[in-house]
Amino acid sequence: MTLTKVGMITFLHNENYGSILQAWALAQAVKSLGYEGMHLDYDPGTGEKIRNMVRCGNSPKLLLDGLRKRLVKVEQGQARGKAAALAAFRRDTLPISAPCHGEAELRAAAQACDVLLAGSDQIWSPTWLNPVYFFSFADAGKPKLAYAPSFGVAEAPKGRKARIMQALITPFCSVSVREEEGAKILETLTGRQAPVLPDPVFLVTPEAWRSFADEPRARGEYLLCYFIGENPSYWQKAKETAKQRGLKMVILPATGEAWQQEGEKYGDVTPQGWVGLVAHAAAMMTDSFHGAAFAYLLGTPVTVMRRYSDQDPASRNSRIDQLHRNLGIDYGEMPTAEALESLRMKGLTWLKDALEQATAEAPQAGEI
């Protein structure tokens, strides 16, 4: 029996552990439901990014931020090691297509798929809007689903971006979102109502994540620090906490500021090693959505920092706020095993039903 092939698209090349782990988790969920999943390996070059910036009206600051991250990689050997570790994980562990640098290659890869599934993470953010993550390149007859993409912001875009996104979302046969704020944005843009579902990492059981994890290189009891933003107050609080609890500081550096801090740094770990460091930490401090998600999944006591001002229109605090609402907890609390399992089943049930409906309506690959 030939399995229905599901072509997925999400962030694979932003060198972020959370992004690559949610991609792996979504592929695992699709496989567990009896489908053959394949990530479309979208890796745009600078020219592709500039063209998209112009056509969607994105800020040039995004390219400058990317340049800053590349400079950190050049200056830090472990950062280069991280890039190599993530590349090996994509190549050896993810079900993935040949590299696609633009829409023509994506269209060719999608021809082999029966159903198209837009994955999670902030792929629908109006800040770095890219039509590719809405399957702009796909043939009209291919059923398109969206599993919990995040808009990342609390308010709907206006003007040109609103019109672009409305046209891109309308053809989807089933849509879910990751935050309540995203559901409101979707309704504002399209008039559609969508369920709020968990990030794909919650579709995998805590036991499976522990089996996935590698033993950490760090030894002894440690406070794990994983900050995506640059904020001196994070590090001051981390040092105070480590001293009070008699823990050494272990750092997963994601910024230039993090590389300047005192403590053991593990900037070149594999995704399995990253999960292992979270799983074995005595405590964790983070401003990362996926940092918090894995701490909750693995039972690691965590202090979650709010990275943005709530008055900032571009604030992305809604992601972690929604995570706490999903789990029925407040900042500083830990979820129950029952809450985690309930969330997992909610996501899997929606995905199962949406894939079954799409499969029933899909032409066979190559018929379009």
# chains A, B, ... in the order shown; residues from 1 in each chain; ligands from 1
$ residues_around --residues "Lys248 (chain A)" --least-positions-apart "5" --cutoff "9 Å" --atoms "only C-alpha atoms" --output "number ranges by chain"
A: 220-224, 242-243, 263-264
$ select_by_dssp --residues "region 27-198 of chain A" --states "alpha helix (DSSP H)" --output "number ranges by chain"
A: 27-32, 46-56, 61-75, 77-92, 103-110, 159-169, 180-190
$ closest_atom_pairs --of "region 185-268 of chain A" --to "region 325-335 of chain A" --cutoff "10 Å" --atoms "only C-alpha atoms" --output "tab-separated table"
residue	atom	partner	partner_atom	distance
A:Val196	CA	A:Asn326	CA	8.9
A:Leu197	CA	A:Asn326	CA	8.4
A:Pro198	CA	A:Asn326	CA	7.5
$ closest_residue --among "A:Val204, A:Ala156, A:Val302, A:Ala25" --to "Glu187 (chain A)" --atoms "only C-alpha atoms"
A:Ala156
$ select_by_dssp --residues "region 22-115 of chain A" --states "strand (DSSP E)" --output "PyMOL selection string"
chain A and resi 36-39+115
$ decode --residues "region 279-323 of chain A" --atoms "N, CA and C atoms" --output "PDB file, in the first residue's frame"
ATOM      1  N   ALA A 279      17.135  18.485  29.988  1.00  0.00           N
ATOM      2  CA  ALA A 279      16.587  17.389  30.794  1.00  0.00           C
ATOM      3  C   ALA A 279      17.352  17.183  32.098  1.00  0.00           C
ATOM      4  N   HIS A 280      18.660  17.425  32.094  1.00  0.00           N
ATOM      5  CA  HIS A 280      19.483  17.127  33.263  1.00  0.00           C
ATOM      6  C   HIS A 280      19.787  18.349  34.127  1.00  0.00           C
ATOM      7  N   ALA A 281      19.288  19.526  33.758  1.00  0.00           N
ATOM      8  CA  ALA A 281      19.564  20.731  34.537  1.00  0.00           C
ATOM      9  C   ALA A 281      18.834  20.692  35.884  1.00  0.00           C
ATOM     10  N   ALA A 282      19.493  21.211  36.920  1.00  0.00           N
ATOM     11  CA  ALA A 282      18.823  21.372  38.211  1.00  0.00           C
ATOM     12  C   ALA A 282      17.785  22.475  38.134  1.00  0.00           C
ATOM     13  N   ALA A 283      18.045  23.472  37.270  1.00  0.00           N
ATOM     14  CA  ALA A 283      17.117  24.577  37.042  1.00  0.00           C
ATOM     15  C   ALA A 283      17.498  25.240  35.731  1.00  0.00           C
ATOM     16  N   MET A 284      16.571  26.014  35.188  1.00  0.00           N
ATOM     17  CA  MET A 284      16.801  26.667  33.902  1.00  0.00           C
ATOM     18  C   MET A 284      16.240  28.077  33.954  1.00  0.00           C
ATOM     19  N   MET A 285      16.911  28.982  33.233  1.00  0.00           N
ATOM     20  CA  MET A 285      16.384  30.330  33.021  1.00  0.00           C
ATOM     21  C   MET A 285      16.394  30.590  31.528  1.00  0.00           C
ATOM     22  N   THR A 286      15.287  31.124  31.008  1.00  0.00           N
ATOM     23  CA  THR A 286      15.191  31.313  29.560  1.00  0.00           C
ATOM     24  C   THR A 286      14.176  32.390  29.217  1.00  0.00           C
ATOM     25  N   ASP A 287      14.365  33.012  28.052  1.00  0.00           N
ATOM     26  CA  ASP A 287      13.351  33.895  27.473  1.00  0.00           C
ATOM     27  C   ASP A 287      12.821  33.299  26.181  1.00  0.00           C
ATOM     28  N   SER A 288      13.148  32.038  25.951  1.00  0.00           N
ATOM     29  CA  SER A 288      12.806  31.355  24.696  1.00  0.00           C
ATOM     30  C   SER A 288      11.510  30.564  24.838  1.00  0.00           C
ATOM     31  N   PHE A 289      10.641  30.660  23.833  1.00  0.00           N
ATOM     32  CA  PHE A 289       9.420  29.850  23.830  1.00  0.00           C
ATOM     33  C   PHE A 289       9.764  28.371  23.922  1.00  0.00           C
ATOM     34  N   HIS A 290      10.638  27.898  23.050  1.00  0.00           N
ATOM     35  CA  HIS A 290      10.954  26.471  23.059  1.00  0.00           C
ATOM     36  C   HIS A 290      11.809  26.075  24.254  1.00  0.00           C
ATOM     37  N   GLY A 291      12.595  27.005  24.789  1.00  0.00           N
ATOM     38  CA  GLY A 291      13.287  26.715  26.031  1.00  0.00           C
ATOM     39  C   GLY A 291      12.302  26.399  27.137  1.00  0.00           C
ATOM     40  N   ALA A 292      11.271  27.256  27.267  1.00  0.00           N
ATOM     41  CA  ALA A 292      10.231  27.022  28.269  1.00  0.00           C
ATOM     42  C   ALA A 292       9.464  25.737  27.968  1.00  0.00           C
ATOM     43  N   ALA A 293       9.135  25.504  26.702  1.00  0.00           N
ATOM     44  CA  ALA A 293       8.359  24.315  26.325  1.00  0.00           C
ATOM     45  C   ALA A 293       9.082  23.034  26.737  1.00  0.00           C
ATOM     46  N   PHE A 294      10.367  22.954  26.456  1.00  0.00           N
ATOM     47  CA  PHE A 294      11.103  21.727  26.796  1.00  0.00           C
ATOM     48  C   PHE A 294      11.313  21.593  28.299  1.00  0.00           C
ATOM     49  N   ALA A 295      11.484  22.695  29.005  1.00  0.00           N
ATOM     50  CA  ALA A 295      11.574  22.610  30.463  1.00  0.00           C
ATOM     51  C   ALA A 295      10.283  22.012  31.025  1.00  0.00           C
ATOM     52  N   TYR A 296       9.137  22.457  30.514  1.00  0.00           N
ATOM     53  CA  TYR A 296       7.864  21.925  30.993  1.00  0.00           C
ATOM     54  C   TYR A 296       7.693  20.458  30.603  1.00  0.00           C
ATOM     55  N   LEU A 297       8.070  20.118  29.397  1.00  0.00           N
ATOM     56  CA  LEU A 297       7.954  18.730  28.949  1.00  0.00           C
ATOM     57  C   LEU A 297       8.827  17.785  29.773  1.00  0.00           C
ATOM     58  N   LEU A 298      10.008  18.257  30.155  1.00  0.00           N
ATOM     59  CA  LEU A 298      10.993  17.390  30.801  1.00  0.00           C
ATOM     60  C   LEU A 298      11.027  17.556  32.313  1.00  0.00           C
ATOM     61  N   GLY A 299      10.147  18.413  32.854  1.00  0.00           N
ATOM     62  CA  GLY A 299      10.059  18.559  34.292  1.00  0.00           C
ATOM     63  C   GLY A 299      11.213  19.310  34.926  1.00  0.00           C
ATOM     64  N   THR A 300      11.870  20.182  34.165  1.00  0.00           N
ATOM     65  CA  THR A 300      12.987  20.957  34.682  1.00  0.00           C
ATOM     66  C   THR A 300      12.474  22.275  35.255  1.00  0.00           C
ATOM     67  N   PRO A 301      12.700  22.560  36.535  1.00  0.00           N
ATOM     68  CA  PRO A 301      12.231  23.841  37.098  1.00  0.00           C
ATOM     69  C   PRO A 301      12.793  25.011  36.296  1.00  0.00           C
ATOM     70  N   VAL A 302      11.914  25.933  35.898  1.00  0.00           N
ATOM     71  CA  VAL A 302      12.347  26.974  34.964  1.00  0.00           C
ATOM     72  C   VAL A 302      11.823  28.343  35.392  1.00  0.00           C
ATOM     73  N   THR A 303      12.669  29.342  35.223  1.00  0.00           N
ATOM     74  CA  THR A 303      12.266  30.741  35.354  1.00  0.00           C
ATOM     75  C   THR A 303      12.174  31.311  33.952  1.00  0.00           C
ATOM     76  N   VAL A 304      10.979  31.726  33.551  1.00  0.00           N
ATOM     77  CA  VAL A 304      10.743  32.219  32.193  1.00  0.00           C
ATOM     78  C   VAL A 304      10.720  33.741  32.216  1.00  0.00           C
ATOM     79  N   MET A 305      11.582  34.354  31.410  1.00  0.00           N
ATOM     80  CA  MET A 305      11.675  35.810  31.346  1.00  0.00           C
ATOM     81  C   MET A 305      10.813  36.321  30.192  1.00  0.00           C
ATOM     82  N   ARG A 306      10.214  37.488  30.387  1.00  0.00           N
ATOM     83  CA  ARG A 306       9.440  38.128  29.315  1.00  0.00           C
ATOM     84  C   ARG A 306      10.408  38.982  28.493  1.00  0.00           C
ATOM     85  N   ARG A 307      10.593  38.625  27.237  1.00  0.00           N
ATOM     86  CA  ARG A 307      11.630  39.241  26.416  1.00  0.00           C
ATOM     87  C   ARG A 307      11.232  40.631  25.914  1.00  0.00           C
ATOM     88  N   TYR A 308       9.941  40.889  25.770  1.00  0.00           N
ATOM     89  CA  TYR A 308       9.472  42.120  25.130  1.00  0.00           C
ATOM     90  C   TYR A 308       8.599  42.927  26.081  1.00  0.00           C
ATOM     91  N   SER A 309       8.509  44.203  25.816  1.00  0.00           N
ATOM     92  CA  SER A 309       7.545  45.049  26.515  1.00  0.00           C
ATOM     93  C   SER A 309       6.149  44.763  25.967  1.00  0.00           C
ATOM     94  N   ASP A 310       5.170  44.630  26.846  1.00  0.00           N
ATOM     95  CA  ASP A 310       3.810  44.366  26.392  1.00  0.00           C
ATOM     96  C   ASP A 310       3.215  45.547  25.641  1.00  0.00           C
ATOM     97  N   GLN A 311       3.814  46.722  25.792  1.00  0.00           N
ATOM     98  CA  GLN A 311       3.350  47.906  25.073  1.00  0.00           C
ATOM     99  C   GLN A 311       3.915  47.979  23.654  1.00  0.00           C
ATOM    100  N   ASP A 312       4.873  47.130  23.339  1.00  0.00           N
ATOM    101  CA  ASP A 312       5.483  47.113  22.011  1.00  0.00           C
ATOM    102  C   ASP A 312       4.543  46.403  21.037  1.00  0.00           C
ATOM    103  N   PRO A 313       4.110  47.062  19.938  1.00  0.00           N
ATOM    104  CA  PRO A 313       3.207  46.412  18.978  1.00  0.00           C
ATOM    105  C   PRO A 313       3.806  45.148  18.368  1.00  0.00           C
ATOM    106  N   ALA A 314       5.150  45.070  18.349  1.00  0.00           N
ATOM    107  CA  ALA A 314       5.820  43.892  17.786  1.00  0.00           C
ATOM    108  C   ALA A 314       6.149  42.851  18.851  1.00  0.00           C
ATOM    109  N   SER A 315       5.628  43.040  20.077  1.00  0.00           N
ATOM    110  CA  SER A 315       5.904  42.102  21.161  1.00  0.00           C
ATOM    111  C   SER A 315       5.481  40.690  20.775  1.00  0.00           C
ATOM    112  N   ARG A 316       6.336  39.722  21.121  1.00  0.00           N
ATOM    113  CA  ARG A 316       6.003  38.328  20.867  1.00  0.00           C
ATOM    114  C   ARG A 316       5.829  37.555  22.181  1.00  0.00           C
ATOM    115  N   ASN A 317       5.490  38.274  23.246  1.00  0.00           N
ATOM    116  CA  ASN A 317       5.212  37.624  24.530  1.00  0.00           C
ATOM    117  C   ASN A 317       3.988  36.724  24.458  1.00  0.00           C
ATOM    118  N   SER A 318       3.118  36.967  23.477  1.00  0.00           N
ATOM    119  CA  SER A 318       1.881  36.184  23.392  1.00  0.00           C
ATOM    120  C   SER A 318       2.168  34.693  23.233  1.00  0.00           C
ATOM    121  N   ARG A 319       3.325  34.359  22.677  1.00  0.00           N
ATOM    122  CA  ARG A 319       3.651  32.943  22.467  1.00  0.00           C
ATOM    123  C   ARG A 319       3.769  32.205  23.800  1.00  0.00           C
ATOM    124  N   ILE A 320       4.524  32.792  24.745  1.00  0.00           N
ATOM    125  CA  ILE A 320       4.705  32.123  26.031  1.00  0.00           C
ATOM    126  C   ILE A 320       3.460  32.283  26.896  1.00  0.00           C
ATOM    127  N   ASP A 321       2.770  33.413  26.775  1.00  0.00           N
ATOM    128  CA  ASP A 321       1.508  33.574  27.502  1.00  0.00           C
ATOM    129  C   ASP A 321       0.526  32.468  27.101  1.00  0.00           C
ATOM    130  N   GLN A 322       0.447  32.187  25.799  1.00  0.00           N
ATOM    131  CA  GLN A 322      -0.454  31.141  25.326  1.00  0.00           C
ATOM    132  C   GLN A 322      -0.016  29.767  25.817  1.00  0.00           C
ATOM    133  N   LEU A 323       1.280  29.542  25.846  1.00  0.00           N
ATOM    134  CA  LEU A 323       1.793  28.270  26.352  1.00  0.00           C
ATOM    135  C   LEU A 323       1.308  28.032  27.785  1.00  0.00           C
TER     136      LEU A 323
END
